[in-house]
There are 2 protein chains.
Amino acid sequence: MTQLASMGGDTAADNEGGTGGETVAPEAYTLGDATGPLDPDALRRLDAWWRAANYLAVGQIYLKDNPLLREPLQAEHVKPRLLGHFGTVPGLNLVYAHANRLIRDRGLSAVFVAGPGHGGPGPNACGWIEGTYSELYSHIPRDAEGMQAFFHQFSYPGGVPSHAAPETPGSFHEGGELGYSLLHAFGAALDNPDLTVFCVVGDGEAETGPLAGSWHANKFVNPARDGAVVPVLALNEYKIANPTLLARIPQEELETLLRGYGYEPHVVAGSDPAQVHQDMAAAMEACLDGIAEIQRVARAAGGDAGPEDGRRRWPMIVMRTPKGWTCPPVVDGQQVEGTFRAHQVPLPAARTDGTHRAVLEQWLRSYRPEELFDEDGAPVAELLEQNPEGDARMSANPVANGGLLLRDLRLPDWRDFGVEVGTPGSTDHEATRVLGRWLAEVTRLNPTSFLTFAPDELASNRLQDILDVTGRSWQAEIGEFDERLDRQGRVVEVLSEHMCQGLLEGYLLTGRHGLFTCYEAFIHIVDSMFNQHAKWLQASAEVDWRRPIASFNYLLSSHVWRQDHNGFTHQDPGFLDVVLNKKPEIVRVYLPPDANTLLSTYDHCLRSRHYVNVVVAGKQPQADWLGVQDAALHCARGAGIWEWAGHGDETGSDPDVVLACAGEIPTLETLAAAALLRERLPDLRVRVVNVVDLMRLLPESEHPHGLPDSEFDTLFTADKPVIFAFHGYPWLVHRLTYRRTNHAQLHVRGYKENGTTTTPFDMVMLNDLDRYHLVVDVIDRVPALRSRAAGLRQEMVDTRLRARTWTREHGVDLPEVAEWTWPGATGQA
Amino acid sequence: MTQLASMGGDTAADNEGGTGGETVAPEAYTLGDATGPLDPDALRRLDAWWRAANYLAVGQIYLKDNPLLREPLQAEHVKPRLLGHFGTVPGLNLVYAHANRLIRDRGLSAVFVAGPGHGGPGPNACGWIEGTYSELYSHIPRDAEGMQAFFHQFSYPGGVPSHAAPETPGSFHEGGELGYSLLHAFGAALDNPDLTVFCVVGDGEAETGPLAGSWHANKFVNPARDGAVVPVLALNEYKIANPTLLARIPQEELETLLRGYGYEPHVVAGSDPAQVHQDMAAAMEACLDGIAEIQRVARAAGGDAGPEDGRRRWPMIVMRTPKGWTCPPVVDGQQVEGTFRAHQVPLPAARTDGTHRAVLEQWLRSYRPEELFDEDGAPVAELLEQNPEGDARMSANPVANGGLLLRDLRLPDWRDFGVEVGTPGSTDHEATRVLGRWLAEVTRLNPTSFLTFAPDELASNRLQDILDVTGRSWQAEIGEFDERLDRQGRVVEVLSEHMCQGLLEGYLLTGRHGLFTCYEAFIHIVDSMFNQHAKWLQASAEVDWRRPIASFNYLLSSHVWRQDHNGFTHQDPGFLDVVLNKKPEIVRVYLPPDANTLLSTYDHCLRSRHYVNVVVAGKQPQADWLGVQDAALHCARGAGIWEWAGHGDETGSDPDVVLACAGEIPTLETLAAAALLRERLPDLRVRVVNVVDLMRLLPESEHPHGLPDSEFDTLFTADKPVIFAFHGYPWLVHRLTYRRTNHAQLHVRGYKENGTTTTPFDMVMLNDLDRYHLVVDVIDRVPALRSRAAGLRQEMVDTRLRARTWTREHGVDLPEVAEWTWPGATGQA
């Protein structure tokens, strides 16, 4: 063991050192003996592959030059800022190397998910050894020059991130925000019967709620229909600054927990590489044998077999190895290897501090690079022979670049599912129920590439007609009174928005299609998952070799305006605000006002690529406004004048006032206000504008769907009052339109957190979005009306009071409101 | 058994019936024999209390009149809209009744958490029997008249919500969004050594990620210091439309899972009331005995004892009883009791359908109300005798109305912890580190009423000086290299934002203080929890008998502008947008630019009540701008002119341009731009305005902190260009200011999802928020400069290109940027 006195040093990293104590290089690496499935030669070869990956990981973090250490390490060879994380990398590389052995031995199609945060150097290194990195990035060949470029680019301006990311070959999971690795892994496995997903779960990540809940995703895997996930819990015991919970409960309790989740854990523990290799090889084989047996039994029994037809305790691995394994054990007098101090950069002063730099050099040399890379700097033949071939390399498996495998959906013509509309407003439908009939047919026509996810809200959101053609996927026990559970079901229902979101992400990222339906308020539960998925879409669109994937489609119902049962806690339209913070190229928001516009919108969404589409729609019986052809045209425009609903607007000159609306209930109230105005102020020229595609409001320069100013002015006028009834928080409309010509005349009514109520009309009244208040708004804002319509104004105010009193007394809305229907076409039509 | 042919009926509820089959009333209720801890009389009495609560729950859902069924039930006695949920209620009432027995027997101080969704009728009923309801609501006395009002108000316009809510006596947990019951329960137990929290966890709720992770909260309970939680997993097997996962795994696997979480489950299963009562009584006693023993051992060993000093498998209960237990078993030919169809309203047509109504009457009478309520309609003496007394009633325990118990913090004078500032910008500090020294003293001075929560980010966010006075609470094993773990620690670190948020909510709701520090981007993980807590604050402020609680304080650091290590996934300032959607009375957002302003801000936050305070601050070494006195004044103003930073603005007339800024990095770049302008365009009159309190930007009419228009105009001028460098998404500033006089001249630079980078200055350049671009913005917007300063403009553009190239080549920022310091006072000063 070499020990050098530390010279202290400036710690750029988050960990703080600088106690002035000794700094110790790793012992010269020698592989001991251990017995197990690997013969000595196989053990040696596999260990060499692992050492190479570790060497390449350390190189990425530290080196900008002298990548093969062919000259003594100098300060100028070390990067000026050391940004990266080593702690989790050796464990990732270990799993990757052992997975490769099994891929070759068993002819597996496999992908790799790196769950622990900031493990980027590991998968990067593996992809470089496998040659994929060089195939995808010509400027990073698999030789000395390429290695230097490969090291230089890591966590460097203009380079690649410090965690697995869209830039990482073979990755479909980003190691930024933690908690979603298992969900992505299971989502990838669905409908991929021949796929194996090796999913490393960090023990830090395992503390998050989403990860803790997602162990149960195994209850949605049909071993006949789906592939398998091999979870590897990487128990390196530490996070940034703390031990992990799962490392500090008794080992027996941990195994009990995992059995309770439905797994059979195989434990690999230690720090002696030879023994760990043998144990990992044995555990991997046991897992794949166990999976093969589960699949064999299930497939022999047919796709409808359930757990009653054979034990299904899915195998997994608990890997308890040191954090920062193989790094300098002690730095500046403090234990680093095997502790939280190995999380980030173990030798933070390697550029400026001679001791740190000397230890870095010893550390790098401990991997014996001269045995691993040939004269040109390429991996030696012994390493290359261990790589799987072609697409079998996890870094090259097309499953991880899902757009390569994506095929368009077979979509029935939505027009055939539309509702007949004669006079606008003369019939009622539950919009989402109409959509459900079309989605049922989509599901039937795409039996292996389309899934619907819901947190126990499919039927509540009125999509239950899908259950006419399929059931809910369920691989646990089935009780006497359970309904529409189905071993081969194409709907996944679990009361976890995180699971719905994460499984669908995994399914889409690997080249399939789907949608997630949820109560509007509770979609906020996955705000951060949406954020991360949108960032993935944005970043991957800039990676040349990535292909676009299917859009992530939300269908939000049980929306803010109809929470009669549920009240204030279920009222929140703010997901739209979160969504609109992301890159405009990625996000789309639609507010179809009725059944046919919802159908047309969703047809568009299921055809689109690489977006996040958010659609908010009603589920209660509500008036149909547009027939199929009108709906198609209106949705294509995204926003338009409803001439039949206004009046006096056909003269070619501007109206006196514009009533704009977006969303189911705001449209209803706006039309009711328009009808009132037509009846009571027949000479007032009223224009009704409905907005389906919210992005139309943005300036052309800000969003691809943005209306040019001239077109916006044509719709909304340049100077007339606009009363805008909006589904969400009112300021969102201002945010979208503040640069428009007529913004000063825009008055928005929307939801303002005004508490709870239990009748529909009371709800809109509470937020001043009701028909009577909209009429008041018009009177207050059209100067000519102020004195003329003072009587009508007072009547409106009184009617509201009467409506409020009525609900308090009768528990239902005023009959003239509840039974209101659109009075039919205007006299001019 | 009575069977009546159904007449079908209109189903207002979400469940769909209407098959036209038979509808069956519950059998006449008789209590059988069963042996157990309860003697026959005690069994009978306890069952009567439970029946009374169930009767009162059914009454709330259905009846608007005839509450005691003293006349035959008529249609007009039934509410016109049936809104509410019965399925989970009998289980809640069972636990409540049995808890009461133990409260009386053992003199417990206890509170009750109703985790399952929409259980409102249960806790309401219990509170009414206990008399608390009538004490708090005079118009709802404990008699027949009161019972009618009590029934009428439930889920009725102007009444109370359908789930436990601020209006519910004894509740500090809202049953709206699911997943947080255990967290609130454990948060309440911390620092409450004599408290027992009975926490019913729904098996639907148990599927959520946050709940799944929160079982591990037991690792933060010190049995000497803290109270105890008795989790009761209510396994009624169904959600809205599906069975629950935990009900469909083998019972042994479920118990294994719970043991893995560190609990000892006691199973109570069945549908025979007598047997279930006996089993529940036995299980409750076993739990409380187990807890008492754990506490006895730990308290004897002293507060520093750990699990090594005695087994700590916390007891809990698994309660497997039918959903909708005691309701009509079959409705319209479909099994209801014991299935998902009992979730909401079992007889949806009780008003309009004679059969449903008749069965409703039989159902209500099956509880034998004539035995339960006396002539006046009050609970009979036998029931009243079972109520605990006074504050021992869970509906009256002041712990659940935390404001009653809240005492102000003992706060050291923050000025004593401030940094010396001579010339602005002449010294550097890590702002959060300075705050940490003060927080350490706050922690020391308030040893039982102040906790800090962090998802493994305390030290990373530079608050580690708190660890000089306390450690991290940790009740699991402690490893050799673990640091600052402490059985009595006052910092709770767990890598779950959900747990941090939920535990702190529970701690605050029960009358204590604290803060949650988190990376800025990942606070989105708890968007929906924030939403729900803000709604609780808003709604509870309108409940007369609720007292204000301490504010929820966020400290967000590792913010969007400094993610050198982490990149794009760690960049998201959008939590501010989410927060500002809530009621203005509740939310506050602060962006202190340096150490002293952060101190002053946080002192204010810890003194405030009933708000959510969001503070975003820097953790990297950064210039100090304001001394202690200036910081105090500036923070009191919330926004103000920094005269020393501008120039030519002391003439009394308006400047030529305003440079506004909010946030650490935007302030730095703005000052650098101001310095450049002063040097290069000395006759340009430049005003620098810094905003700490973001709510100052809002109109006075919209927020209590909003500046009057006249004051706003005084700061920002009525017509001069304003270049606003903002910490978050730029449109947020527009949203706040779109009604201001000078809005058309406002140009905002902020974060626009423009990808990743690894140097600080590259990051601001990528978003056009850097000093050079700000100068370009000024030149482009001050007409007089366009030709005059064309050379300077080109120089700025060129300098940016040079800075970009430099970072690509050197991996660090241009020295003139990295080493820039404020050039000192202006000539005029």
# chains A, B, ... in the order shown; residues from 1 in each chain; ligands from 1

$ calpha_fit_rmsd --fixed "chain A" --moving "chain B"
0.0 Å

$ residues_around --residues "A:Asp309" --least-positions-apart "3" --cutoff "12 Å" --atoms "only C-alpha atoms" --output "count of residues only"
19

$ closest_residue --among "B:Ile549, B:Leu677, B:Val722, B:Leu732" --to "chain A" --atoms "only C-alpha atoms"
B:Leu732

$ residues_around --residues "B:Thr452" --least-positions-apart "2" --cutoff "8 Å" --atoms "only C-alpha atoms" --output "list in words"
Phe450, Ala454, Arg490, Val491, Val492, Gly514, Leu515, Phe516 and Thr517 of chain B

$ write_last_selection --atoms "N, CA and C atoms" --output "mmCIF file, in the first residue's frame"
data_model
loop_
_atom_site.group_PDB
_atom_site.id
_atom_site.type_symbol
_atom_site.label_atom_id
_atom_site.label_comp_id
_atom_site.auth_asym_id
_atom_site.auth_seq_id
_atom_site.Cartn_x
_atom_site.Cartn_y
_atom_site.Cartn_z
ATOM 1 N N PHE B 450 -38.577 22.691 16.798
ATOM 2 C CA PHE B 450 -38.078 23.147 15.507
ATOM 3 C C PHE B 450 -37.296 22.020 14.853
ATOM 4 N N ALA B 454 -34.601 17.524 5.032
ATOM 5 C CA ALA B 454 -33.860 17.612 3.774
ATOM 6 C C ALA B 454 -33.749 16.236 3.131
ATOM 7 N N ARG B 490 -31.962 16.755 15.361
ATOM 8 C CA ARG B 490 -33.026 17.721 15.036
ATOM 9 C C ARG B 490 -33.099 17.996 13.532
ATOM 10 N N VAL B 491 -32.403 17.172 12.758
ATOM 11 C CA VAL B 491 -32.470 17.248 11.300
ATOM 12 C C VAL B 491 -32.957 15.891 10.816
ATOM 13 N N VAL B 492 -33.919 15.903 9.921
ATOM 14 C CA VAL B 492 -34.416 14.649 9.348
ATOM 15 C C VAL B 492 -34.016 14.622 7.883
ATOM 16 N N GLY B 514 -40.706 24.602 11.512
ATOM 17 C CA GLY B 514 -39.642 23.916 10.797
ATOM 18 C C GLY B 514 -39.425 24.462 9.408
ATOM 19 N N LEU B 515 -38.490 23.835 8.715
ATOM 20 C CA LEU B 515 -38.228 24.207 7.332
ATOM 21 C C LEU B 515 -37.829 22.981 6.536
ATOM 22 N N PHE B 516 -37.968 23.108 5.239
ATOM 23 C CA PHE B 516 -37.653 22.041 4.300
ATOM 24 C C PHE B 516 -36.688 22.634 3.287
ATOM 25 N N THR B 517 -35.480 22.097 3.244
ATOM 26 C CA THR B 517 -34.532 22.574 2.239
ATOM 27 C C THR B 517 -34.347 21.519 1.171
#

$ atom_distance --atom1 "atom CA of B:Val229" --atom2 "atom CA of B:Leu108"
12.6 Å

$ decode --residues "stretch 63-100 of chain B" --atoms "N, CA and C atoms" --output "PDB file, in the first residue's frame"
ATOM      1  N   LEU B  63     -79.988  11.930   4.111  1.00  0.00           N
ATOM      2  CA  LEU B  63     -81.181  12.576   4.665  1.00  0.00           C
ATOM      3  C   LEU B  63     -81.066  14.089   4.759  1.00  0.00           C
ATOM      4  N   LYS B  64     -82.137  14.739   4.383  1.00  0.00           N
ATOM      5  CA  LYS B  64     -82.230  16.159   4.676  1.00  0.00           C
ATOM      6  C   LYS B  64     -83.314  16.439   5.709  1.00  0.00           C
ATOM      7  N   ASP B  65     -84.044  15.415   6.037  1.00  0.00           N
ATOM      8  CA  ASP B  65     -85.136  15.596   7.003  1.00  0.00           C
ATOM      9  C   ASP B  65     -85.433  14.228   7.619  1.00  0.00           C
ATOM     10  N   ASN B  66     -86.270  14.241   8.653  1.00  0.00           N
ATOM     11  CA  ASN B  66     -86.668  12.993   9.313  1.00  0.00           C
ATOM     12  C   ASN B  66     -85.442  12.222   9.819  1.00  0.00           C
ATOM     13  N   PRO B  67     -84.554  12.901  10.533  1.00  0.00           N
ATOM     14  CA  PRO B  67     -83.256  12.285  10.834  1.00  0.00           C
ATOM     15  C   PRO B  67     -83.361  11.058  11.730  1.00  0.00           C
ATOM     16  N   LEU B  68     -84.356  11.010  12.585  1.00  0.00           N
ATOM     17  CA  LEU B  68     -84.449   9.886  13.520  1.00  0.00           C
ATOM     18  C   LEU B  68     -85.452   8.834  13.049  1.00  0.00           C
ATOM     19  N   LEU B  69     -85.940   9.012  11.823  1.00  0.00           N
ATOM     20  CA  LEU B  69     -86.910   8.063  11.241  1.00  0.00           C
ATOM     21  C   LEU B  69     -88.129   7.917  12.153  1.00  0.00           C
ATOM     22  N   ARG B  70     -88.554   9.033  12.696  1.00  0.00           N
ATOM     23  CA  ARG B  70     -89.725   8.948  13.575  1.00  0.00           C
ATOM     24  C   ARG B  70     -91.009   8.936  12.766  1.00  0.00           C
ATOM     25  N   GLU B  71     -90.859   9.131  11.469  1.00  0.00           N
ATOM     26  CA  GLU B  71     -91.985   8.872  10.582  1.00  0.00           C
ATOM     27  C   GLU B  71     -91.461   8.081   9.393  1.00  0.00           C
ATOM     28  N   PRO B  72     -92.358   7.439   8.654  1.00  0.00           N
ATOM     29  CA  PRO B  72     -91.885   6.654   7.508  1.00  0.00           C
ATOM     30  C   PRO B  72     -91.107   7.542   6.543  1.00  0.00           C
ATOM     31  N   LEU B  73     -90.106   6.958   5.936  1.00  0.00           N
ATOM     32  CA  LEU B  73     -89.224   7.740   5.056  1.00  0.00           C
ATOM     33  C   LEU B  73     -89.930   8.088   3.755  1.00  0.00           C
ATOM     34  N   GLN B  74     -89.964   9.372   3.456  1.00  0.00           N
ATOM     35  CA  GLN B  74     -90.584   9.867   2.229  1.00  0.00           C
ATOM     36  C   GLN B  74     -89.511  10.410   1.284  1.00  0.00           C
ATOM     37  N   ALA B  75     -89.914  10.535   0.040  1.00  0.00           N
ATOM     38  CA  ALA B  75     -88.954  11.042  -0.953  1.00  0.00           C
ATOM     39  C   ALA B  75     -88.394  12.391  -0.530  1.00  0.00           C
ATOM     40  N   GLU B  76     -89.244  13.244   0.022  1.00  0.00           N
ATOM     41  CA  GLU B  76     -88.762  14.590   0.330  1.00  0.00           C
ATOM     42  C   GLU B  76     -87.803  14.614   1.528  1.00  0.00           C
ATOM     43  N   HIS B  77     -87.686  13.509   2.223  1.00  0.00           N
ATOM     44  CA  HIS B  77     -86.682  13.438   3.292  1.00  0.00           C
ATOM     45  C   HIS B  77     -85.279  13.168   2.756  1.00  0.00           C
ATOM     46  N   VAL B  78     -85.250  12.725   1.519  1.00  0.00           N
ATOM     47  CA  VAL B  78     -83.954  12.334   0.932  1.00  0.00           C
ATOM     48  C   VAL B  78     -83.371  13.504   0.144  1.00  0.00           C
ATOM     49  N   LYS B  79     -82.097  13.685   0.254  1.00  0.00           N
ATOM     50  CA  LYS B  79     -81.454  14.791  -0.468  1.00  0.00           C
ATOM     51  C   LYS B  79     -81.647  14.623  -1.980  1.00  0.00           C
ATOM     52  N   PRO B  80     -81.756  15.716  -2.685  1.00  0.00           N
ATOM     53  CA  PRO B  80     -81.968  15.600  -4.132  1.00  0.00           C
ATOM     54  C   PRO B  80     -80.724  15.094  -4.870  1.00  0.00           C
ATOM     55  N   ARG B  81     -79.554  15.405  -4.366  1.00  0.00           N
ATOM     56  CA  ARG B  81     -78.335  14.858  -4.979  1.00  0.00           C
ATOM     57  C   ARG B  81     -77.574  14.126  -3.886  1.00  0.00           C
ATOM     58  N   LEU B  82     -77.214  12.898  -4.161  1.00  0.00           N
ATOM     59  CA  LEU B  82     -76.548  12.089  -3.155  1.00  0.00           C
ATOM     60  C   LEU B  82     -75.046  12.115  -3.405  1.00  0.00           C
ATOM     61  N   LEU B  83     -74.364  12.922  -2.616  1.00  0.00           N
ATOM     62  CA  LEU B  83     -72.925  13.119  -2.794  1.00  0.00           C
ATOM     63  C   LEU B  83     -72.224  12.689  -1.519  1.00  0.00           C
ATOM     64  N   GLY B  84     -71.404  11.709  -1.624  1.00  0.00           N
ATOM     65  CA  GLY B  84     -70.679  11.249  -0.448  1.00  0.00           C
ATOM     66  C   GLY B  84     -70.204   9.843  -0.710  1.00  0.00           C
ATOM     67  N   HIS B  85     -69.540   9.286   0.248  1.00  0.00           N
ATOM     68  CA  HIS B  85     -68.925   7.973   0.068  1.00  0.00           C
ATOM     69  C   HIS B  85     -69.132   7.177   1.343  1.00  0.00           C
ATOM     70  N   PHE B  86     -69.675   5.971   1.190  1.00  0.00           N
ATOM     71  CA  PHE B  86     -69.906   5.152   2.365  1.00  0.00           C
ATOM     72  C   PHE B  86     -68.858   4.061   2.560  1.00  0.00           C
ATOM     73  N   GLY B  87     -68.266   3.585   1.482  1.00  0.00           N
ATOM     74  CA  GLY B  87     -67.506   2.336   1.519  1.00  0.00           C
ATOM     75  C   GLY B  87     -66.528   2.194   2.669  1.00  0.00           C
ATOM     76  N   THR B  88     -65.789   3.235   2.948  1.00  0.00           N
ATOM     77  CA  THR B  88     -64.716   3.128   3.929  1.00  0.00           C
ATOM     78  C   THR B  88     -65.172   3.473   5.340  1.00  0.00           C
ATOM     79  N   VAL B  89     -66.409   3.995   5.454  1.00  0.00           N
ATOM     80  CA  VAL B  89     -66.833   4.595   6.718  1.00  0.00           C
ATOM     81  C   VAL B  89     -66.943   3.600   7.879  1.00  0.00           C
ATOM     82  N   PRO B  90     -67.561   2.414   7.692  1.00  0.00           N
ATOM     83  CA  PRO B  90     -67.674   1.516   8.859  1.00  0.00           C
ATOM     84  C   PRO B  90     -66.314   1.130   9.439  1.00  0.00           C
ATOM     85  N   GLY B  91     -65.326   0.980   8.587  1.00  0.00           N
ATOM     86  CA  GLY B  91     -63.981   0.665   9.081  1.00  0.00           C
ATOM     87  C   GLY B  91     -63.408   1.805   9.904  1.00  0.00           C
ATOM     88  N   LEU B  92     -63.568   3.027   9.402  1.00  0.00           N
ATOM     89  CA  LEU B  92     -63.086   4.190  10.156  1.00  0.00           C
ATOM     90  C   LEU B  92     -63.774   4.264  11.523  1.00  0.00           C
ATOM     91  N   ASN B  93     -65.089   4.074  11.510  1.00  0.00           N
ATOM     92  CA  ASN B  93     -65.824   4.164  12.770  1.00  0.00           C
ATOM     93  C   ASN B  93     -65.406   3.067  13.741  1.00  0.00           C
ATOM     94  N   LEU B  94     -65.122   1.893  13.204  1.00  0.00           N
ATOM     95  CA  LEU B  94     -64.694   0.792  14.054  1.00  0.00           C
ATOM     96  C   LEU B  94     -63.394   1.147  14.784  1.00  0.00           C
ATOM     97  N   VAL B  95     -62.443   1.656  14.038  1.00  0.00           N
ATOM     98  CA  VAL B  95     -61.162   2.007  14.652  1.00  0.00           C
ATOM     99  C   VAL B  95     -61.358   3.112  15.679  1.00  0.00           C
ATOM    100  N   TYR B  96     -62.183   4.093  15.320  1.00  0.00           N
ATOM    101  CA  TYR B  96     -62.411   5.224  16.222  1.00  0.00           C
ATOM    102  C   TYR B  96     -63.027   4.741  17.540  1.00  0.00           C
ATOM    103  N   ALA B  97     -64.049   3.892  17.420  1.00  0.00           N
ATOM    104  CA  ALA B  97     -64.741   3.396  18.625  1.00  0.00           C
ATOM    105  C   ALA B  97     -63.776   2.619  19.514  1.00  0.00           C
ATOM    106  N   HIS B  98     -62.970   1.784  18.895  1.00  0.00           N
ATOM    107  CA  HIS B  98     -62.043   0.983  19.689  1.00  0.00           C
ATOM    108  C   HIS B  98     -60.922   1.830  20.266  1.00  0.00           C
ATOM    109  N   ALA B  99     -60.494   2.831  19.517  1.00  0.00           N
ATOM    110  CA  ALA B  99     -59.481   3.741  20.065  1.00  0.00           C
ATOM    111  C   ALA B  99     -60.029   4.425  21.312  1.00  0.00           C
ATOM    112  N   ASN B 100     -61.293   4.819  21.247  1.00  0.00           N
ATOM    113  CA  ASN B 100     -61.895   5.484  22.405  1.00  0.00           C
ATOM    114  C   ASN B 100     -61.838   4.608  23.653  1.00  0.00           C
TER     115      ASN B 100
END
